[in-house]
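Student: mmCIF, C-alpha atoms and all ligand atoms, saved as entry-v9.cif, coming up:
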```cif
data_upload
#
loop_
_atom_site.label_atom_id
_atom_site.label_comp_id
_atom_site.auth_asym_id
_atom_site.auth_seq_id
_atom_site.Cartn_x
_atom_site.Cartn_y
_atom_site.Cartn_z
CA MET A 1 -20.35 9.10 5.02
CA PHE A 2 -19.90 5.93 7.11
CA ASP A 3 -23.69 5.69 7.47
CA LYS A 4 -24.25 6.03 3.73
CA ILE A 5 -21.69 3.34 2.92
CA TYR A 6 -23.16 1.06 5.57
CA GLU A 7 -26.65 1.53 4.08
CA LYS A 8 -25.32 0.53 0.63
CA ILE A 9 -23.72 -2.59 2.11
CA LYS A 10 -27.03 -3.45 3.76
CA GLU A 11 -28.85 -2.95 0.49
CA TYR A 12 -26.77 -5.35 -1.66
CA ASP A 13 -26.75 -9.17 -1.49
CA LYS A 14 -23.62 -9.44 -3.57
CA ILE A 15 -20.57 -7.33 -2.69
CA VAL A 16 -17.15 -7.39 -4.30
CA LEU A 17 -14.07 -5.83 -2.72
CA ALA A 18 -11.12 -4.84 -4.89
CA ARG A 19 -7.76 -3.12 -4.37
CA HIS A 20 -4.74 -2.01 -6.34
CA VAL A 21 -2.44 -4.10 -8.51
CA GLY A 22 0.80 -5.22 -6.87
CA PRO A 23 -0.85 -5.51 -3.46
CA ASP A 24 0.92 -4.60 -0.22
CA PRO A 25 -0.19 -5.64 3.28
CA ASP A 26 -2.53 -2.63 3.58
CA ALA A 27 -4.29 -3.40 0.28
CA MET A 28 -4.73 -7.03 1.36
CA ALA A 29 -5.77 -6.19 4.94
CA SER A 30 -8.33 -3.55 4.02
CA THR A 31 -10.14 -5.77 1.50
CA MET A 32 -9.92 -9.02 3.46
CA GLY A 33 -10.74 -7.32 6.77
CA LEU A 34 -13.82 -5.59 5.37
CA ARG A 35 -14.92 -8.74 3.54
CA ASP A 36 -14.73 -10.81 6.71
CA SER A 37 -16.52 -8.17 8.75
CA ILE A 38 -19.40 -7.93 6.25
CA LYS A 39 -19.65 -11.74 6.18
CA LEU A 40 -19.65 -11.91 9.97
CA THR A 41 -22.37 -9.28 10.20
CA PHE A 42 -24.49 -10.51 7.29
CA PRO A 43 -23.87 -14.29 6.90
CA LYS A 44 -26.34 -14.56 4.02
CA LYS A 45 -24.64 -12.03 1.78
CA LYS A 46 -22.19 -13.15 -0.88
CA VAL A 47 -18.99 -11.21 -0.33
CA TYR A 48 -15.86 -11.56 -2.44
CA ALA A 49 -12.34 -10.17 -2.11
CA ILE A 50 -10.72 -10.24 -5.54
CA GLY A 51 -7.41 -9.46 -7.24
CA SER A 52 -4.31 -11.44 -8.11
CA GLY A 53 -2.86 -13.49 -5.27
CA THR A 54 0.66 -13.68 -3.93
CA GLN A 55 2.13 -16.63 -2.10
CA LYS A 56 3.46 -14.48 0.72
CA PHE A 57 0.02 -13.11 1.59
CA THR A 58 -1.76 -16.43 2.10
CA TYR A 59 -1.94 -15.67 5.84
CA PHE A 60 -4.64 -13.08 5.08
CA GLY A 61 -6.97 -15.87 3.97
CA LYS A 62 -8.26 -17.04 0.61
CA LEU A 63 -9.03 -14.70 -2.26
CA ASP A 64 -12.27 -15.17 -4.19
CA LYS A 65 -13.35 -15.47 -7.80
CA VAL A 66 -16.62 -13.94 -8.96
CA ASP A 67 -18.53 -14.35 -12.24
CA ASP A 68 -21.66 -12.30 -12.79
CA THR A 69 -21.40 -8.92 -11.09
CA SER A 70 -24.21 -7.03 -12.86
CA ASP A 71 -26.26 -6.88 -9.65
CA ALA A 72 -23.28 -6.37 -7.33
CA LEU A 73 -21.84 -3.51 -5.32
CA LEU A 74 -18.12 -2.92 -5.86
CA ILE A 75 -16.06 -1.40 -3.05
CA VAL A 76 -12.58 -0.35 -4.12
CA LEU A 77 -10.09 0.08 -1.29
CA ASP A 78 -6.63 1.67 -1.07
CA THR A 79 -6.73 2.71 -4.75
CA PRO A 80 -7.08 6.30 -5.98
CA ASP A 81 -6.92 5.68 -9.74
CA ILE A 82 -9.02 3.59 -12.13
CA ARG A 83 -6.06 2.20 -14.06
CA ARG A 84 -4.59 0.50 -10.97
CA ILE A 85 -7.72 -1.36 -9.82
CA ASP A 86 -6.89 -5.07 -9.86
CA GLY A 87 -9.39 -7.37 -11.55
CA ALA A 88 -12.59 -5.28 -11.61
CA LYS A 89 -14.12 -3.24 -14.42
CA LEU A 90 -16.27 -0.45 -13.05
CA GLU A 91 -18.88 -0.81 -15.81
CA ASP A 92 -19.55 -4.44 -14.77
CA TYR A 93 -21.07 -3.30 -11.46
CA LYS A 94 -24.36 -1.77 -10.46
CA ASP A 95 -22.80 0.53 -7.91
CA VAL A 96 -19.26 1.56 -6.92
CA ILE A 97 -17.85 2.90 -3.64
CA LYS A 98 -14.28 4.03 -2.96
CA ILE A 99 -12.56 3.94 0.45
CA ASP A 100 -9.03 5.32 0.26
CA HIS A 101 -6.24 7.16 2.03
CA HIS A 102 -4.25 8.30 -1.04
CA PRO A 103 -4.38 11.83 -2.38
CA PHE A 104 -7.34 12.09 -4.80
CA VAL A 105 -6.74 11.05 -8.43
CA ASP A 106 -9.90 9.79 -10.23
CA LYS A 107 -13.54 10.10 -9.24
CA PHE A 108 -15.07 6.69 -9.87
CA GLY A 109 -17.37 5.87 -6.96
CA LYS A 110 -20.89 7.13 -6.42
CA LEU A 111 -19.81 7.37 -2.81
CA GLU A 112 -16.18 8.18 -2.13
CA PHE A 113 -14.69 8.16 1.33
CA ILE A 114 -11.20 9.61 1.06
CA ASP A 115 -9.04 10.63 3.99
CA ASP A 116 -5.43 11.17 3.02
CA THR A 117 -4.54 12.04 6.61
CA SER A 118 -5.26 8.45 7.59
CA SER A 119 -2.30 6.09 8.09
CA SER A 120 -3.74 3.33 5.98
CA ALA A 121 -6.82 1.95 4.28
CA ALA A 122 -6.89 -0.66 7.05
CA GLU A 123 -7.25 2.09 9.67
CA LEU A 124 -10.13 3.58 7.68
CA VAL A 125 -11.82 0.17 7.59
CA LEU A 126 -11.27 -0.15 11.34
CA GLU A 127 -12.91 3.25 11.94
CA PHE A 128 -15.72 2.32 9.56
CA ILE A 129 -16.42 -0.89 11.48
CA ASN A 130 -16.16 0.94 14.82
CA ASN A 131 -18.71 3.53 13.73
CA THR A 132 -21.34 1.23 12.21
CA PRO A 133 -23.11 -1.97 13.32
CA LEU A 134 -20.50 -4.00 11.39
CA LYS A 135 -18.96 -6.74 13.54
CA MET A 136 -15.39 -7.53 14.38
CA ASN A 137 -13.57 -10.51 15.84
CA LYS A 138 -10.00 -11.36 16.79
CA GLU A 139 -9.08 -12.58 13.28
CA ILE A 140 -10.36 -9.41 11.63
CA ALA A 141 -8.64 -7.28 14.27
CA GLY A 142 -5.36 -9.09 13.53
CA ILE A 143 -5.73 -8.56 9.78
CA LEU A 144 -6.38 -4.83 10.21
CA TYR A 145 -3.50 -4.50 12.67
CA ILE A 146 -1.12 -5.95 10.06
CA GLY A 147 -2.41 -3.48 7.44
CA ILE A 148 -1.80 -0.53 9.75
CA VAL A 149 1.64 -1.77 10.78
CA GLY A 150 2.56 -2.41 7.14
CA ASP A 151 1.66 1.03 5.83
CA THR A 152 3.12 2.94 8.78
CA ASN A 153 6.27 0.79 8.82
CA ARG A 154 5.70 -0.09 12.47
CA PHE A 155 4.34 3.36 13.38
CA MET A 156 7.49 5.06 12.18
CA PHE A 157 5.91 7.56 9.78
CA ASN A 158 4.17 10.80 10.68
CA VAL A 159 0.90 9.38 9.32
CA SER A 160 0.71 7.30 12.48
CA ASN A 161 -0.49 10.01 14.81
CA SER A 162 -2.41 9.93 18.08
CA ARG A 163 -5.50 8.80 16.17
CA THR A 164 -3.66 5.69 14.96
CA PHE A 165 -2.27 4.91 18.39
CA LYS A 166 -5.72 5.31 19.95
CA ASN A 167 -7.27 2.98 17.36
CA VAL A 168 -4.52 0.42 17.80
CA THR A 169 -4.67 0.61 21.60
CA GLU A 170 -8.37 -0.23 21.45
CA LEU A 171 -7.68 -3.14 19.10
CA LEU A 172 -5.07 -4.55 21.45
CA GLN A 173 -7.27 -4.06 24.50
CA ASN A 174 -10.43 -5.52 22.99
CA TYR A 175 -9.01 -8.47 21.06
CA LYS A 176 -5.89 -9.49 22.99
CA LEU A 177 -3.82 -9.67 19.83
CA GLU A 178 -0.63 -11.70 19.94
CA VAL A 179 1.45 -9.20 18.07
CA ASN A 180 4.59 -11.36 17.84
CA LYS A 181 2.64 -13.91 15.77
CA LEU A 182 1.27 -11.15 13.55
CA TYR A 183 4.75 -9.69 13.04
CA GLU A 184 6.03 -13.10 12.07
CA ASN A 185 3.46 -13.25 9.27
CA LEU A 186 4.42 -9.81 8.09
CA TYR A 187 8.20 -9.93 8.43
CA LEU A 188 9.39 -13.54 8.24
CA ARG A 189 11.32 -13.97 5.00
CA PRO A 190 13.54 -16.43 3.25
CA ILE A 191 17.31 -16.22 3.80
CA HIS A 192 17.92 -15.34 0.14
CA GLU A 193 15.88 -12.15 0.67
CA VAL A 194 18.05 -11.23 3.65
CA LYS A 195 21.14 -11.72 1.48
CA PHE A 196 19.56 -9.62 -1.25
CA GLU A 197 19.00 -6.83 1.25
CA GLY A 198 22.70 -7.04 2.07
CA TYR A 199 23.45 -6.66 -1.64
CA ILE A 200 21.29 -3.52 -1.77
CA GLY A 201 23.12 -1.90 1.13
CA LEU A 202 26.48 -2.64 -0.47
CA ASN A 203 25.51 -1.41 -3.91
CA LEU A 204 23.50 1.79 -3.41
CA THR A 205 24.75 4.82 -5.33
CA PHE A 206 24.62 8.24 -3.67
CA THR A 207 24.21 11.52 -5.53
CA LYS A 208 25.75 14.81 -4.49
CA ASN A 209 22.57 16.24 -2.98
CA GLY A 210 21.18 13.29 -1.04
CA VAL A 211 19.53 10.73 -3.31
CA ALA A 212 20.36 7.04 -2.93
CA TYR A 213 19.46 4.79 -5.83
CA ILE A 214 19.97 1.34 -7.26
CA LYS A 215 18.93 -0.42 -10.49
CA PHE A 216 18.07 -4.13 -10.58
CA THR A 217 18.22 -6.13 -13.78
CA ASP A 218 16.16 -9.27 -14.22
CA SER A 219 19.29 -11.42 -14.21
CA LEU A 220 20.34 -9.99 -10.84
CA LEU A 221 16.90 -10.77 -9.40
CA LYS A 222 17.25 -14.33 -10.71
CA GLU A 223 20.70 -14.65 -9.18
CA PHE A 224 19.22 -13.86 -5.75
CA HIS A 225 16.03 -15.89 -6.35
CA VAL A 226 13.81 -12.88 -5.74
CA ASP A 227 11.10 -11.38 -7.94
CA ALA A 228 10.38 -7.91 -9.28
CA ALA A 229 8.22 -7.08 -6.25
CA SER A 230 10.99 -7.84 -3.74
CA PRO A 231 13.05 -4.62 -3.92
CA GLY A 232 9.91 -2.48 -3.42
CA ASN A 233 9.05 -4.55 -0.36
CA MET A 234 12.46 -3.83 1.15
CA ILE A 235 12.68 -0.12 0.51
CA GLY A 236 11.24 0.68 3.94
CA ASN A 237 14.30 -0.91 5.55
CA PHE A 238 16.57 1.89 4.35
CA ASN A 239 14.90 4.74 6.17
CA PHE A 240 17.58 6.43 8.15
CA MET A 241 20.64 6.95 5.98
CA GLU A 242 22.56 10.01 7.06
CA GLY A 243 22.70 12.63 4.31
CA VAL A 244 20.07 10.80 2.24
CA TYR A 245 16.65 12.43 1.87
CA VAL A 246 15.22 10.44 -1.03
CA TRP A 247 15.96 6.83 -1.92
CA VAL A 248 14.69 5.09 -5.01
CA PHE A 249 14.81 1.56 -6.46
CA PHE A 250 14.44 0.76 -10.18
CA THR A 251 13.55 -2.85 -10.95
CA GLU A 252 13.28 -4.50 -14.33
CA ASP A 253 9.95 -6.32 -14.51
CA VAL A 254 10.21 -8.64 -17.50
CA LYS A 255 6.74 -10.09 -17.05
CA ASN A 256 5.03 -6.72 -17.29
CA GLU A 257 7.61 -5.28 -19.71
CA ASN A 258 8.33 -2.22 -17.59
CA ILE A 259 10.55 -0.90 -14.85
CA ARG A 260 9.11 -0.59 -11.38
CA VAL A 261 10.03 2.54 -9.51
CA SER A 262 9.73 2.63 -5.73
CA ALA A 263 10.71 5.81 -3.94
CA ARG A 264 10.69 7.00 -0.34
CA SER A 265 11.52 10.33 1.25
CA ARG A 266 12.18 11.73 4.69
CA GLY A 267 11.45 15.33 3.71
CA PRO A 268 11.12 16.32 0.05
CA ILE A 269 7.70 15.71 -1.56
CA ILE A 270 8.27 13.05 -4.21
CA ASN A 271 4.86 12.05 -5.56
CA GLU A 272 4.54 15.24 -7.64
CA ILE A 273 7.67 14.23 -9.56
CA LEU A 274 6.62 10.62 -10.09
CA THR A 275 3.21 11.72 -11.35
CA HIS A 276 5.10 12.97 -14.42
CA TYR A 277 6.47 9.46 -14.92
CA ASN A 278 3.25 7.47 -15.02
CA GLY A 279 3.18 7.16 -11.26
CA GLY A 280 1.73 8.60 -8.08
CA GLY A 281 1.22 7.67 -4.45
CA HIS A 282 1.84 9.56 -1.24
CA LYS A 283 4.05 12.59 -0.52
CA TYR A 284 6.80 10.50 1.04
CA ALA A 285 6.08 7.03 -0.39
CA SER A 286 5.58 6.98 -4.09
CA GLY A 287 5.91 4.67 -7.08
CA ALA A 288 5.75 4.57 -10.86
CA ARG A 289 6.11 2.31 -13.89
CA ILE A 290 8.51 3.48 -16.60
CA LYS A 291 9.73 1.98 -19.88
CA THR A 292 13.47 2.61 -19.98
CA MET A 293 16.47 3.10 -17.72
CA ASP A 294 16.99 6.46 -19.47
CA GLU A 295 13.81 7.61 -17.73
CA ALA A 296 15.30 6.30 -14.49
CA ASP A 297 18.25 8.64 -14.97
CA LEU A 298 15.85 11.55 -15.49
CA ILE A 299 14.05 10.67 -12.26
CA ILE A 300 17.36 10.55 -10.38
CA LYS A 301 18.22 14.01 -11.73
CA ASP A 302 14.81 15.38 -10.76
CA PHE A 303 15.12 13.94 -7.25
CA ASP A 304 18.64 15.26 -6.88
CA LEU A 305 17.46 18.76 -7.75
CA LEU A 306 14.52 18.36 -5.38
CA CYS A 307 16.89 17.39 -2.54
CA LYS A 308 19.16 20.34 -3.33
CA LYS A 309 16.21 22.74 -3.00
CA TYR A 310 14.96 20.98 0.11
CA LYS A 311 18.33 21.29 1.82
CA GLU A 312 18.68 24.95 0.87
CA GLU A 313 15.18 25.76 2.13
CA ASN A 314 15.77 23.94 5.40
CA ASN A 315 19.36 25.05 5.96
CA LEU A 316 20.62 21.50 5.99
CA GLU A 317 24.33 20.89 5.67
CA ASN A 318 24.22 17.27 4.66
P1 LIG B 1 5.45 1.18 -3.71
O1 LIG B 1 6.79 1.78 -3.77
O2 LIG B 1 5.14 0.30 -4.88
O3 LIG B 1 5.16 0.59 -2.38
O4 LIG B 1 4.40 2.38 -3.86
C1 LIG B 1 4.36 3.47 -3.00
C2 LIG B 1 3.09 4.24 -3.22
O5 LIG B 1 3.02 4.70 -4.56
C3 LIG B 1 1.82 3.45 -2.99
O6 LIG B 1 0.89 4.30 -2.38
C4 LIG B 1 1.35 3.07 -4.36
O7 LIG B 1 -0.03 2.99 -4.40
C5 LIG B 1 1.86 4.24 -5.20
N1 LIG B 1 2.23 3.77 -6.54
C6 LIG B 1 3.10 2.80 -6.83
N2 LIG B 1 3.20 2.62 -8.17
C7 LIG B 1 2.35 3.48 -8.74
C8 LIG B 1 1.97 3.80 -10.08
N3 LIG B 1 2.47 3.16 -11.12
N4 LIG B 1 1.05 4.76 -10.27
C9 LIG B 1 0.51 5.41 -9.22
N5 LIG B 1 0.83 5.19 -7.94
C10 LIG B 1 1.72 4.24 -7.68
#
```
The structure in this file should be written as structure tokens.
Tutor:
Amino acid sequence: MFDKIYEKIKEYDKIVLARHVGPDPDAMASTMGLRDSIKLTFPKKKVYAIGSGTQKFTYFGKLDKVDDTSDALLIVLDTPDIRRIDGAKLEDYKDVIKIDHHPFVDKFGKLEFIDDTSSSAAELVLEFINNTPLKMNKEIAGILYIGIVGDTNRFMFNVSNSRTFKNVTELLQNYKLEVNKLYENLYLRPIHEVKFEGYIGLNLTFTKNGVAYIKFTDSLLKEFHVDAASPGNMIGNFNFMEGVYVWVFFTEDVKNENIRVSARSRGPIINEILTHYNGGGHKYASGARIKTMDEADLIIKDFDLLCKKYKEENNLEN
């Protein structure tokens, strides 16, 4: 598959790279890393990384704007479903390729490279570059490293297996990455976000069977000077709560007129439940967009039941 995708890249003079709405470091890293590698390898090609920008991701480099795409190849990264592609309409492109590590949702690429055992889309891009004549440099290596670290939460999840460590070891050996600088990009945050995280810890609610949850209104977000994306970005910091197997944040998103749901698990499989609520994602890291807080209460109930079953099946006391 790598060869076929490489041949397509060779064939096209204009290539556009897209990812999912509400980007995270992996979505940014996989598109920007692949864009920069294609540019480095083929300086004459026009290569664009598109999608809405966020202030906090400026360290990945500049995003691009593209007009006429009728003769272009579109590569969609880190996105399993058509509805969540940010800023690209499939019908506007001559050819479409998908590179993704989510469980399969929609078929939309002529070529689809999907590996849901991979830690991140950035790791897939790294393997793609390593297995084709595509070039790499220290900047690209740093970008991909951040994507892998972001999606594995610093190699904490099971998705970071020996394959990930091998890939990362090679990156560190070959490009002498200064990881402390990279971590600063990824983790440095304003003091008001730190205070907001304190608020979350103090205000979580715990259900009988091991769900922790919290609901954020728009006025609360304003009080802490954070935006609707902030809670979702912090959910990974609440990983090891004794007696809690699933934790979920509900955030009012006034701009998009919905409620963002971010959920994480350290055992029960949660994406199957959120698929019923206009969502999806991975087994243990899943999200959704809902319309009302009543739906939030239904999700909490579903998760609570899921945890009950999980504990019974695994003979867990807590
Ligand atoms: P988040 O909590 O936003 O970081 O999302 C966790 C995972 O769920 C990611 O893999 C997202 O791609 C996926 N996800 C988030 N929101 C949605 C949604 N509305 N529909 C489908 N998948 C989603």
Student: Excluding Gly201 of chain A and residues on its chain fewer than 3 positions from it, collect all residues at most 12 Å away from it, counting all atoms listed in the file, and give them as number ranges by chain.
Tutor: A: 194-198, 204-206, 212-214, 231, 234-235, 237-239, 241, 247, 249
Student: Restrict the calculation to only C-alpha atoms and all ligand atoms, then for each residue of chain A with any atom at most 7 Å from an atom of ligand LIG 1 (chain B) give the closest atom pair and their distance in Å to one decimal, rows by chain and rising residue number, as a tab-separated table.
Tutor:
```
residue	atom	partner	partner_atom	distance
A:Thr79	CA	B:LIG1	O7	6.7
A:His102	CA	B:LIG1	O6	6.6
A:Gly232	CA	B:LIG1	O1	5.3
A:Asn233	CA	B:LIG1	O3	6.8
A:Val261	CA	B:LIG1	O1	6.6
A:Ser262	CA	B:LIG1	O1	3.6
A:Ala263	CA	B:LIG1	O1	5.6
A:Asn278	CA	B:LIG1	N3	5.9
A:Gly279	CA	B:LIG1	N4	3.4
A:Gly280	CA	B:LIG1	N5	3.5
A:Gly281	CA	B:LIG1	O5	3.5
A:His282	CA	B:LIG1	O6	5.5
A:Ala285	CA	B:LIG1	C1	4.7
A:Ser286	CA	B:LIG1	O5	3.5
A:Gly287	CA	B:LIG1	C6	3.4
A:Ala288	CA	B:LIG1	N3	3.6
A:Arg289	CA	B:LIG1	N3	4.7
```
Student: Need the neighbours of (8.7, 16.1, 0.6): which residues are at most 10 Å away, counting all atoms listed in the file, as a list of chain:residue names?
Tutor: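 Within the cut-off we find A:Tyr245, A:Val246, A:Arg264, A:Ser265, A:Arg266, A:Gly267, A:Pro268, A:Ile269, A:Ile270, A:Asn271, A:Glu272, A:His282, A:Lys283, A:Tyr284, A:Ala285, A:Leu306, A:Cys307, A:Tyr310.
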Student: Which residues are near Met136 of chain A? Cut-off 10 Å, all atoms listed in the file, ignore same chain within fewer than 2 positions. Put them as a list in words.
Tutor: Gly33, Leu34, Asp36, Ser37, Ile38, Leu40, Thr41, Leu126, Ile129, Asn130, Pro133, Leu134, Lys138, Glu139, Ile140, Ala141 and Tyr175 of chain A
Student: Residues near Glu193 of chain A, anyone? I mean within 12 Å using all atoms listed in the file, not counting same-chain ones fewer than 4 positions away, as a PDB file with C-alpha atoms, in the coordinates of the input.
Tutor:
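The result, written out as around-v7.pdb:
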```pdb
ATOM      1  CA  TYR A 187       8.200  -9.930   8.430  1.00  0.00           C
ATOM      2  CA  LEU A 188       9.390 -13.540   8.240  1.00  0.00           C
ATOM      3  CA  ARG A 189      11.320 -13.970   5.000  1.00  0.00           C
ATOM      4  CA  GLU A 197      19.000  -6.830   1.250  1.00  0.00           C
ATOM      5  CA  GLY A 198      22.700  -7.040   2.070  1.00  0.00           C
ATOM      6  CA  TYR A 199      23.450  -6.660  -1.640  1.00  0.00           C
ATOM      7  CA  ILE A 200      21.290  -3.520  -1.770  1.00  0.00           C
ATOM      8  CA  LEU A 221      16.900 -10.770  -9.400  1.00  0.00           C
ATOM      9  CA  LYS A 222      17.250 -14.330 -10.710  1.00  0.00           C
ATOM     10  CA  GLU A 223      20.700 -14.650  -9.180  1.00  0.00           C
ATOM     11  CA  PHE A 224      19.220 -13.860  -5.750  1.00  0.00           C
ATOM     12  CA  HIS A 225      16.030 -15.890  -6.350  1.00  0.00           C
ATOM     13  CA  VAL A 226      13.810 -12.880  -5.740  1.00  0.00           C
ATOM     14  CA  ASP A 227      11.100 -11.380  -7.940  1.00  0.00           C
ATOM     15  CA  ALA A 229       8.220  -7.080  -6.250  1.00  0.00           C
ATOM     16  CA  SER A 230      10.990  -7.840  -3.740  1.00  0.00           C
ATOM     17  CA  PRO A 231      13.050  -4.620  -3.920  1.00  0.00           C
ATOM     18  CA  ASN A 233       9.050  -4.550  -0.360  1.00  0.00           C
ATOM     19  CA  MET A 234      12.460  -3.830   1.150  1.00  0.00           C
TER      20      MET A 234
END
```
Student: What's around Asp116 of chain A at 10 Å? Count all atoms listed in the file, leave out sequence neighbours fewer than 5 positions away in its own chain, and write the answer as a list in words.
Tutor: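 Contacts, with the query itself left out: Asp100, His101, His102, Pro103, Phe104, Ala121, Val159 and His282 of chain A.
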Student: Would you compute the distance between atom CA of Phe240 of chain A and atom CA of Asn153 of chain A? Give it in Å to one decimal.
Tutor: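 Rounded to one decimal, the two atoms are 12.7 Å apart.
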Student: Which residue is closest to Ile300 of chain A? Choose from A:Pro25, A:Gly53, A:Gly243, A:Gly210 and count all atoms listed in the file.
Tutor: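 Closest residue, counting all atoms listed in the file: A:Gly210.
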Student: How many Å separate atom CA of Phe250 of chain A from atom CA of Leu305 of chain A?
Tutor: 18.4 Å
Student: Would you mind reading off the distance between atom CA of Lys181 of chain A and atom CA of Gly142 of chain A, one decimal, in Å?
Tutor: 9.6 Å
Student: Have a look at A:Lys309, A:Glu170, A:Ile5, A:Val211 and name the one nearest to Gly109 of chain A; count all atoms listed in the file.
Tutor: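 The closest residue to Gly109 of chain A is A:Ile5.
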Student: Just want the 6 Å neighbourhood of Tyr93 of chain A, counted on all atoms listed in the file, with same-chain residues fewer than 5 positions away dropped. Output as an MDAnalysis selection string.
Tutor: chainID A and resid 69:70 72
Student: So, with all atoms listed in the file as the atoms that count, which of A:His192, A:Lys62, A:Lys56, A:Lys208 lies closest to Asp24 of chain A?
Tutor: A:Lys56
